Amino acid sequence: MTAQMVISHPMIDNARLARDLAALGIGPGQVVLVHSALSRIGHVEGGPDTVVAVLRELLGDDGTLAVPSGTSANSDTSPHYRSATAGMSPEEIARYRSAMPAYDPRATPSTSMGRIAECVRTLPGALRSAHPQTSFAAVGPRAAEITGGHARDCLLGERSPLARLYDAGALVLLLGVGYDKCTTFHLAEYRYTSDPPRRGYRAVVDDGRGPEWCEFVDVDVDVSDFEALGADFDKTGAVRRGRVGAAEARLFPLIAAVDYAVDWFAAYRGS
């Protein structure tokens, strides 16, 4: 009888994370937008709390850490809703919609943003933008500047945290995720043409009158070509690549990514 081989995965501690993130280019005073998948990093001692603590220590007191904290579960015009209600009867869909909770920036969990993003969102002192579908959370001295003024009819455009992160000269850290998760490119969808495709959106909100549905029209955001866009952006020399634990990681200036994507969309979507 052959003994089964047992593969042991080493624990990744904060010292290892700090070395890897510093080697990638994370340092004091930066503003960093993080998209992440904790499971790709490996077995992290302390879980997401450790990753966030290491990032904040490297950024120092003058640095600001931001994450997407979107809540697509609050919308009936989202892929999340379509997936959740697939196969339901009209009566079941009506019950499901009536039970959807109103967005509360202080308490509503994010949807599919990952455990690291949720950790940042729930930190003492963290702030979160007001949009009921595409909010961002941030902690640090520029958190209010980044999260404030997020207009309801602007998911990811000029009146969203993405534009404020652009103004702040932020860096984007893709930690164990690909360019399909890079929300930064969405800002370019608002900029590459004066008349981008638009559509209607709906979400559950509470403006002091109890839960109710709001409707608005905004840019029809589309991630279907983000991987192809990212593959081309990777060749520009603006991207630093490395490994953080077991995860592939990329670090790049948000301005460079948006400006490149504006030209790329004009060439490939504008034709």
# chains A, B, ... in the order shown; residues from 1 in each chain; ligands from 1
call {"tool": "residues_around", "arguments": {"residues": "Glu57 of chain A", "least_positions_apart": "2", "cutoff": "12 Å", "atoms": "only C-alpha atoms", "output": "tab-separated table (two decimals) with N, CA, C and O atoms, in the first residue's frame"}}
result
chain	number	residue	atom	x	y	z
A	14	ASN	N	3.37	38.22	8.70
A	14	ASN	CA	3.39	39.63	8.33
A	14	ASN	C	4.76	40.08	7.83
A	14	ASN	O	4.86	40.96	6.98
A	15	ALA	N	5.83	39.46	8.32
A	15	ALA	CA	7.16	39.83	7.85
A	15	ALA	C	7.32	39.49	6.37
A	15	ALA	O	7.88	40.29	5.59
A	17	LEU	N	4.85	39.16	4.16
A	17	LEU	CA	4.00	40.07	3.41
A	17	LEU	C	4.63	41.44	3.26
A	17	LEU	O	4.60	42.05	2.19
A	18	ALA	N	5.21	41.94	4.33
A	18	ALA	CA	5.83	43.26	4.30
A	18	ALA	C	6.98	43.29	3.30
A	18	ALA	O	7.13	44.26	2.54
A	19	ARG	N	7.81	42.24	3.29
A	19	ARG	CA	8.92	42.19	2.35
A	19	ARG	C	8.41	42.18	0.91
A	19	ARG	O	8.91	42.91	0.04
A	21	LEU	N	5.42	43.12	-0.35
A	21	LEU	CA	4.72	44.33	-0.75
A	21	LEU	C	5.69	45.51	-0.91
A	21	LEU	O	5.55	46.31	-1.84
A	22	ALA	N	6.68	45.59	-0.03
A	22	ALA	CA	7.68	46.65	-0.15
A	22	ALA	C	8.50	46.47	-1.43
A	22	ALA	O	8.82	47.44	-2.13
A	26	ILE	N	5.15	49.29	-2.56
A	26	ILE	CA	4.27	49.93	-1.59
A	26	ILE	C	5.13	50.64	-0.55
A	26	ILE	O	6.06	50.05	0.01
A	27	GLY	N	4.82	51.93	-0.29
A	27	GLY	CA	5.65	52.67	0.64
A	27	GLY	C	4.91	53.83	1.30
A	27	GLY	O	3.73	54.08	1.02
A	28	PRO	N	5.61	54.58	2.15
A	28	PRO	CA	4.98	55.63	2.96
A	28	PRO	C	4.33	56.73	2.12
A	28	PRO	O	4.84	57.14	1.08
A	29	GLY	N	3.16	57.18	2.60
A	29	GLY	CA	2.50	58.33	2.03
A	29	GLY	C	1.69	58.08	0.77
A	29	GLY	O	1.04	59.01	0.26
A	30	GLN	N	1.70	56.89	0.27
A	30	GLN	CA	0.97	56.61	-0.97
A	30	GLN	C	-0.54	56.53	-0.73
A	30	GLN	O	-1.01	56.27	0.38
A	50	THR	N	-4.26	40.64	8.91
A	50	THR	CA	-2.81	40.76	8.77
A	50	THR	C	-2.45	41.50	7.50
A	50	THR	O	-1.58	42.38	7.50
A	51	VAL	N	-3.09	41.16	6.39
A	51	VAL	CA	-2.79	41.82	5.12
A	51	VAL	C	-3.06	43.31	5.22
A	51	VAL	O	-2.23	44.15	4.82
A	52	VAL	N	-4.20	43.68	5.78
A	52	VAL	CA	-4.55	45.10	5.90
A	52	VAL	C	-3.60	45.81	6.86
A	52	VAL	O	-3.16	46.94	6.58
A	53	ALA	N	-3.26	45.16	7.96
A	53	ALA	CA	-2.34	45.78	8.91
A	53	ALA	C	-0.98	46.03	8.29
A	53	ALA	O	-0.35	47.09	8.50
A	54	VAL	N	-0.48	45.09	7.50
A	54	VAL	CA	0.81	45.25	6.84
A	54	VAL	C	0.75	46.39	5.83
A	54	VAL	O	1.66	47.23	5.75
A	55	LEU	N	-0.31	46.44	5.03
A	55	LEU	CA	-0.46	47.52	4.07
A	55	LEU	C	-0.48	48.88	4.76
A	55	LEU	O	0.21	49.82	4.33
A	59	LEU	N	2.22	51.97	4.41
A	59	LEU	CA	1.76	53.28	3.95
A	59	LEU	C	2.03	54.37	4.98
A	59	LEU	O	2.20	55.54	4.62
A	60	GLY	N	2.07	54.00	6.24
A	60	GLY	CA	2.34	54.95	7.31
A	60	GLY	C	1.17	55.88	7.59
A	60	GLY	O	0.10	55.79	6.97
A	61	ASP	N	1.38	56.80	8.51
A	61	ASP	CA	0.31	57.70	8.94
A	61	ASP	C	-0.18	58.62	7.82
A	61	ASP	O	-1.31	59.10	7.86
A	62	ASP	N	0.67	58.90	6.85
A	62	ASP	CA	0.29	59.81	5.76
A	62	ASP	C	-0.30	59.08	4.56
A	62	ASP	O	-0.70	59.73	3.58
A	63	GLY	N	-0.37	57.77	4.60
A	63	GLY	CA	-0.90	57.01	3.48
A	63	GLY	C	-2.37	56.70	3.64
A	63	GLY	O	-2.92	56.69	4.75
A	64	THR	N	-3.03	56.45	2.52
A	64	THR	CA	-4.46	56.14	2.52
A	64	THR	C	-4.71	54.86	1.72
A	64	THR	O	-4.18	54.70	0.62
A	65	LEU	N	-5.48	53.98	2.30
A	65	LEU	CA	-5.81	52.69	1.70
A	65	LEU	C	-7.28	52.70	1.29
A	65	LEU	O	-8.16	53.02	2.10
A	140	GLY	N	-7.53	56.50	6.25
A	140	GLY	CA	-6.32	57.30	6.14
A	140	GLY	C	-6.68	58.77	5.99
A	140	GLY	O	-7.86	59.14	5.91
call {"tool": "residues_around", "arguments": {"residues": "Ala247 of chain A", "least_positions_apart": "6", "cutoff": "7 Å", "atoms": "only C-alpha atoms", "output": "ChimeraX atom specification"}}
result
/A:40-41,175-176
call {"tool": "write_last_selection", "arguments": {"atoms": "C-alpha atoms", "output": "PDB file, in the first residue's frame"}}
result
ATOM      1  CA  ARG A  40      -4.508  33.477  -3.827  1.00  0.00           C
ATOM      2  CA  ILE A  41      -1.938  34.797  -1.367  1.00  0.00           C
ATOM      3  CA  LEU A 175      -3.311  41.337  -5.465  1.00  0.00           C
ATOM      4  CA  GLY A 176      -4.117  37.862  -6.713  1.00  0.00           C
TER       5      GLY A 176
END
call {"tool": "closest_residue", "arguments": {"among": "A:Ile93, A:Leu127, A:Ala73, A:Met88", "to": "Met113 of chain A", "atoms": "only C-alpha atoms"}}
result
A:Ala73
call {"tool": "residues_around", "arguments": {"residues": "Gly208 of chain A", "least_positions_apart": "2", "cutoff": "12 Å", "atoms": "only C-alpha atoms", "output": "list of chain:residue names"}}
result
A:Ala102, A:Tyr103, A:Asp104, A:Val205, A:Asp206, A:Gly210, A:Pro211, A:Glu212
call {"tool": "write_last_selection", "arguments": {"atoms": "N, CA, C and O atoms", "output": "compact mmCIF listing (two decimals), in the first residue's frame"}}
result
# COMPACT_ATOMS: atom_id res chain seq x y z
N ALA A 102 -32.33 47.96 2.11
CA ALA A 102 -31.83 49.24 1.62
C ALA A 102 -30.36 49.40 1.95
O ALA A 102 -29.86 48.92 2.97
N TYR A 103 -29.64 50.09 1.07
CA TYR A 103 -28.21 50.31 1.27
C TYR A 103 -27.98 51.24 2.45
O TYR A 103 -28.56 52.32 2.56
N ASP A 104 -27.11 50.82 3.35
CA ASP A 104 -26.67 51.61 4.50
C ASP A 104 -25.15 51.67 4.44
O ASP A 104 -24.49 50.64 4.66
N VAL A 205 -32.74 51.97 -1.63
CA VAL A 205 -32.10 52.98 -0.77
C VAL A 205 -33.05 53.33 0.38
O VAL A 205 -34.23 52.96 0.38
N ASP A 206 -32.52 54.06 1.33
CA ASP A 206 -33.34 54.61 2.42
C ASP A 206 -32.88 56.04 2.66
O ASP A 206 -31.82 56.28 3.22
N GLY A 210 -37.73 55.18 4.80
CA GLY A 210 -37.81 53.73 4.74
C GLY A 210 -37.31 53.22 3.40
O GLY A 210 -37.03 54.01 2.49
N PRO A 211 -37.19 51.90 3.25
CA PRO A 211 -36.67 51.34 1.99
C PRO A 211 -37.55 51.70 0.80
O PRO A 211 -38.78 51.62 0.86
N GLU A 212 -36.90 52.13 -0.28
CA GLU A 212 -37.62 52.43 -1.52
C GLU A 212 -36.65 52.28 -2.69
O GLU A 212 -35.43 52.28 -2.51
call {"tool": "residues_around", "arguments": {"residues": "Ala267 of chain A", "least_positions_apart": "5", "cutoff": "12 Å", "atoms": "only C-alpha atoms", "output": "list in words"}}
result
Tyr192, Thr193, Leu229, Tyr260, Ala261 and Val262 of chain A
call {"tool": "select_by_dssp", "arguments": {"residues": "segment 38-245 of chain A", "states": "helix (DSSP H, G or I)", "output": "PyMOL selection string"}}
result
chain A and resi 38-41+47-59+72-74+79-85+90-99+115-121+143-147+161-167+179-181+184-189+226-236
call {"tool": "atom_distance", "arguments": {"atom1": "atom CA of Val258 of chain A", "atom2": "atom CA of Val172 of chain A"}}
result
10.9 Å
call {"tool": "atom_distance", "arguments": {"atom1": "atom CA of Ser75 of chain A", "atom2": "atom CA of Arg202 of chain A"}}
result
5.6 Å
call {"tool": "residues_around", "arguments": {"residues": "Asn74 of chain A", "least_positions_apart": "3", "cutoff": "6 Å", "atoms": "only C-alpha atoms", "output": "compact mmCIF listing (two decimals) with C-alpha atoms, in the first residue's frame"}}
result
# COMPACT_ATOMS: atom_id res chain seq x y z
CA THR A 71 -23.25 46.17 -3.19
CA ALA A 203 -31.30 50.04 -6.37
CA VAL A 204 -32.88 49.92 -2.92
call {"tool": "residues_around", "arguments": {"residues": "Phe185 of chain A", "least_positions_apart": "6", "cutoff": "10 Å", "atoms": "only C-alpha atoms", "output": "list in words"}}
result
Leu156, Leu162, Tyr179, Val221, Asp222, Val223, Phe226, Leu229, Gly230, Leu254, Ala257, Val258, Asp259, Tyr260, Ala261, Val262 and Phe265 of chain A
call {"tool": "select_by_dssp", "arguments": {"residues": "segment 141-209 of chain A", "states": "strand (DSSP E or B)", "output": "ChimeraX atom specification"}}
result
/A:171-175,198-206
call {"tool": "write_last_selection", "arguments": {"atoms": "N, CA and C atoms", "output": "compact mmCIF listing (two decimals), in the first residue's frame"}}
result
# COMPACT_ATOMS: atom_id res chain seq x y z
N LEU A 171 -2.10 54.80 -6.60
CA LEU A 171 -1.61 53.58 -7.21
C LEU A 171 -2.69 52.51 -7.12
N VAL A 172 -2.67 51.58 -8.06
CA VAL A 172 -3.60 50.44 -8.04
C VAL A 172 -2.80 49.19 -7.76
N LEU A 173 -3.24 48.42 -6.78
CA LEU A 173 -2.63 47.13 -6.45
C LEU A 173 -3.61 46.02 -6.78
N LEU A 174 -3.25 45.20 -7.77
CA LEU A 174 -4.01 43.99 -8.07
C LEU A 174 -3.31 42.85 -7.37
N LEU A 175 -3.94 42.32 -6.34
CA LEU A 175 -3.31 41.34 -5.47
C LEU A 175 -4.03 40.00 -5.60
N ARG A 198 -25.36 54.31 -22.58
CA ARG A 198 -25.97 54.49 -21.27
C ARG A 198 -27.15 53.54 -21.11
N ARG A 199 -27.51 53.29 -19.86
CA ARG A 199 -28.68 52.45 -19.59
C ARG A 199 -29.26 52.82 -18.23
N GLY A 200 -30.39 52.22 -17.89
CA GLY A 200 -31.02 52.47 -16.62
C GLY A 200 -30.55 51.52 -15.53
N TYR A 201 -30.55 52.01 -14.29
CA TYR A 201 -30.18 51.22 -13.11
C TYR A 201 -31.24 51.44 -12.04
N ARG A 202 -31.38 50.45 -11.16
CA ARG A 202 -32.27 50.56 -10.01
C ARG A 202 -31.57 49.98 -8.78
N ALA A 203 -31.86 50.56 -7.61
CA ALA A 203 -31.30 50.04 -6.37
C ALA A 203 -32.22 50.41 -5.21
N VAL A 204 -32.09 49.64 -4.12
CA VAL A 204 -32.88 49.92 -2.92
C VAL A 204 -32.10 50.87 -2.03
N VAL A 205 -32.74 51.97 -1.63
CA VAL A 205 -32.10 52.98 -0.77
C VAL A 205 -33.05 53.33 0.38
N ASP A 206 -32.52 54.06 1.33
CA ASP A 206 -33.34 54.61 2.42
C ASP A 206 -32.88 56.04 2.66
call {"tool": "closest_residue", "arguments": {"among": "A:Gln133, A:Gly178, A:Ser160, A:Ala168", "to": "His80 of chain A", "atoms": "only C-alpha atoms"}}
result
A:Gln133
call {"tool": "atom_distance", "arguments": {"atom1": "atom CA of Val32 of chain A", "atom2": "atom CA of Ala66 of chain A"}}
result
6.0 Å
call {"tool": "closest_residue", "arguments": {"among": "A:Phe233, A:Cys182, A:Pro90, A:Ile12", "to": "Asp263 of chain A", "atoms": "only C-alpha atoms"}}
result
A:Phe233
call {"tool": "closest_residue", "arguments": {"among": "A:Met11, A:Phe252, A:Ser129, A:Asp49", "to": "Arg240 of chain A", "atoms": "only C-alpha atoms"}}
result
A:Phe252
call {"tool": "decode", "arguments": {"residues": "segment 62-183 of chain A", "atoms": "C-alpha atoms", "output": "mmCIF file, in the first residue's frame"}}
result
data_model
loop_
_atom_site.group_PDB
_atom_site.id
_atom_site.type_symbol
_atom_site.label_atom_id
_atom_site.label_comp_id
_atom_site.auth_asym_id
_atom_site.auth_seq_id
_atom_site.Cartn_x
_atom_site.Cartn_y
_atom_site.Cartn_z
ATOM 1 C CA ASP A 62 0.293 59.808 5.760
ATOM 2 C CA GLY A 63 -0.896 57.006 3.481
ATOM 3 C CA THR A 64 -4.463 56.141 2.516
ATOM 4 C CA LEU A 65 -5.811 52.693 1.704
ATOM 5 C CA ALA A 66 -8.923 52.359 -0.483
ATOM 6 C CA VAL A 67 -10.974 49.392 -1.661
ATOM 7 C CA PRO A 68 -14.122 48.795 -3.706
ATOM 8 C CA SER A 69 -17.075 48.009 -1.436
ATOM 9 C CA GLY A 70 -19.847 47.627 -3.988
ATOM 10 C CA THR A 71 -23.252 46.167 -3.193
ATOM 11 C CA SER A 72 -24.750 44.709 -6.340
ATOM 12 C CA ALA A 73 -27.131 42.675 -4.158
ATOM 13 C CA ASN A 74 -29.057 45.942 -3.611
ATOM 14 C CA SER A 75 -29.948 46.217 -7.296
ATOM 15 C CA ASP A 76 -32.381 44.393 -9.555
ATOM 16 C CA THR A 77 -30.455 45.493 -12.667
ATOM 17 C CA SER A 78 -27.249 43.667 -11.714
ATOM 18 C CA PRO A 79 -25.791 40.299 -12.771
ATOM 19 C CA HIS A 80 -25.956 39.286 -9.080
ATOM 20 C CA TYR A 81 -29.727 39.757 -9.088
ATOM 21 C CA ARG A 82 -30.204 37.934 -12.382
ATOM 22 C CA SER A 83 -28.211 34.991 -11.053
ATOM 23 C CA ALA A 84 -30.034 34.950 -7.711
ATOM 24 C CA THR A 85 -33.496 34.990 -9.290
ATOM 25 C CA ALA A 86 -32.826 32.638 -12.201
ATOM 26 C CA GLY A 87 -35.540 29.982 -12.330
ATOM 27 C CA MET A 88 -37.795 31.710 -9.795
ATOM 28 C CA SER A 89 -41.500 32.116 -10.384
ATOM 29 C CA PRO A 90 -42.946 35.663 -10.591
ATOM 30 C CA GLU A 91 -44.259 35.274 -7.056
ATOM 31 C CA GLU A 92 -40.860 34.163 -5.759
ATOM 32 C CA ILE A 93 -39.166 37.074 -7.519
ATOM 33 C CA ALA A 94 -41.639 39.498 -5.961
ATOM 34 C CA ARG A 95 -40.897 38.116 -2.489
ATOM 35 C CA TYR A 96 -37.161 38.275 -3.150
ATOM 36 C CA ARG A 97 -37.349 41.919 -4.276
ATOM 37 C CA SER A 98 -39.467 42.931 -1.298
ATOM 38 C CA ALA A 99 -36.872 41.452 1.072
ATOM 39 C CA MET A 100 -33.878 43.226 -0.489
ATOM 40 C CA PRO A 101 -32.468 45.547 2.203
ATOM 41 C CA ALA A 102 -31.835 49.240 1.621
ATOM 42 C CA TYR A 103 -28.208 50.313 1.265
ATOM 43 C CA ASP A 104 -26.669 51.610 4.495
ATOM 44 C CA PRO A 105 -23.087 52.894 4.031
ATOM 45 C CA ARG A 106 -22.342 52.093 7.668
ATOM 46 C CA ALA A 107 -23.563 48.520 7.744
ATOM 47 C CA THR A 108 -24.362 46.920 4.370
ATOM 48 C CA PRO A 109 -21.776 44.234 3.545
ATOM 49 C CA SER A 110 -20.090 44.465 0.181
ATOM 50 C CA THR A 111 -20.935 41.882 -2.480
ATOM 51 C CA SER A 112 -18.127 39.718 -3.907
ATOM 52 C CA MET A 113 -15.398 42.259 -3.114
ATOM 53 C CA GLY A 114 -13.349 39.846 -1.018
ATOM 54 C CA ARG A 115 -12.356 39.499 2.634
ATOM 55 C CA ILE A 116 -9.567 42.084 2.475
ATOM 56 C CA ALA A 117 -11.953 44.742 1.163
ATOM 57 C CA GLU A 118 -14.482 43.867 3.874
ATOM 58 C CA CYS A 119 -11.767 44.174 6.487
ATOM 59 C CA VAL A 120 -10.936 47.699 5.309
ATOM 60 C CA ARG A 121 -14.614 48.655 5.166
ATOM 61 C CA THR A 122 -15.157 47.662 8.799
ATOM 62 C CA LEU A 123 -12.027 49.297 10.248
ATOM 63 C CA PRO A 124 -12.537 51.931 12.945
ATOM 64 C CA GLY A 125 -12.293 55.295 11.225
ATOM 65 C CA ALA A 126 -12.936 53.938 7.720
ATOM 66 C CA LEU A 127 -15.270 55.977 5.516
ATOM 67 C CA ARG A 128 -17.502 54.740 2.714
ATOM 68 C CA SER A 129 -19.066 56.492 -0.250
ATOM 69 C CA ALA A 130 -22.817 56.875 -0.580
ATOM 70 C CA HIS A 131 -23.539 55.057 -3.842
ATOM 71 C CA PRO A 132 -25.942 52.132 -3.292
ATOM 72 C CA GLN A 133 -24.224 49.931 -5.901
ATOM 73 C CA THR A 134 -20.607 50.995 -6.505
ATOM 74 C CA SER A 135 -19.349 52.385 -3.203
ATOM 75 C CA PHE A 136 -15.697 52.586 -2.153
ATOM 76 C CA ALA A 137 -14.277 52.509 1.368
ATOM 77 C CA ALA A 138 -11.070 54.154 2.518
ATOM 78 C CA VAL A 139 -9.024 54.698 5.641
ATOM 79 C CA GLY A 140 -6.321 57.300 6.139
ATOM 80 C CA PRO A 141 -5.947 61.085 5.942
ATOM 81 C CA ARG A 142 -7.435 61.354 2.428
ATOM 82 C CA ALA A 143 -10.379 59.017 3.036
ATOM 83 C CA ALA A 144 -12.975 61.811 3.254
ATOM 84 C CA GLU A 145 -11.660 63.434 0.071
ATOM 85 C CA ILE A 146 -11.857 60.131 -1.797
ATOM 86 C CA THR A 147 -15.240 58.875 -0.580
ATOM 87 C CA GLY A 148 -17.159 62.157 -0.375
ATOM 88 C CA GLY A 149 -19.546 63.418 -3.037
ATOM 89 C CA HIS A 150 -20.288 60.116 -4.742
ATOM 90 C CA ALA A 151 -23.332 61.020 -6.846
ATOM 91 C CA ARG A 152 -26.126 58.496 -7.149
ATOM 92 C CA ASP A 153 -26.291 58.827 -10.943
ATOM 93 C CA CYS A 154 -22.533 58.337 -11.365
ATOM 94 C CA LEU A 155 -21.429 54.791 -10.670
ATOM 95 C CA LEU A 156 -17.743 55.094 -11.541
ATOM 96 C CA GLY A 157 -17.249 58.398 -13.325
ATOM 97 C CA GLU A 158 -16.309 62.011 -12.607
ATOM 98 C CA ARG A 159 -18.420 62.284 -9.439
ATOM 99 C CA SER A 160 -17.174 59.016 -7.965
ATOM 100 C CA PRO A 161 -14.191 57.994 -5.811
ATOM 101 C CA LEU A 162 -12.374 56.793 -8.930
ATOM 102 C CA ALA A 163 -12.063 60.373 -10.176
ATOM 103 C CA ARG A 164 -10.873 61.509 -6.732
ATOM 104 C CA LEU A 165 -8.286 58.707 -6.715
ATOM 105 C CA TYR A 166 -7.148 59.886 -10.147
ATOM 106 C CA ASP A 167 -6.794 63.434 -8.779
ATOM 107 C CA ALA A 168 -4.834 62.072 -5.803
ATOM 108 C CA GLY A 169 -2.321 60.262 -8.024
ATOM 109 C CA ALA A 170 -3.230 56.908 -6.497
ATOM 110 C CA LEU A 171 -1.606 53.576 -7.212
ATOM 111 C CA VAL A 172 -3.598 50.442 -8.036
ATOM 112 C CA LEU A 173 -2.629 47.134 -6.448
ATOM 113 C CA LEU A 174 -4.013 43.991 -8.067
ATOM 114 C CA LEU A 175 -3.311 41.337 -5.465
ATOM 115 C CA GLY A 176 -4.117 37.862 -6.713
ATOM 116 C CA VAL A 177 -6.709 39.121 -9.215
ATOM 117 C CA GLY A 178 -6.632 39.949 -12.918
ATOM 118 C CA TYR A 179 -7.524 43.008 -14.927
ATOM 119 C CA ASP A 180 -11.144 41.874 -15.111
ATOM 120 C CA LYS A 181 -11.385 43.119 -11.506
ATOM 121 C CA CYS A 182 -9.695 46.453 -12.243
ATOM 122 C CA THR A 183 -12.446 49.031 -11.644
#
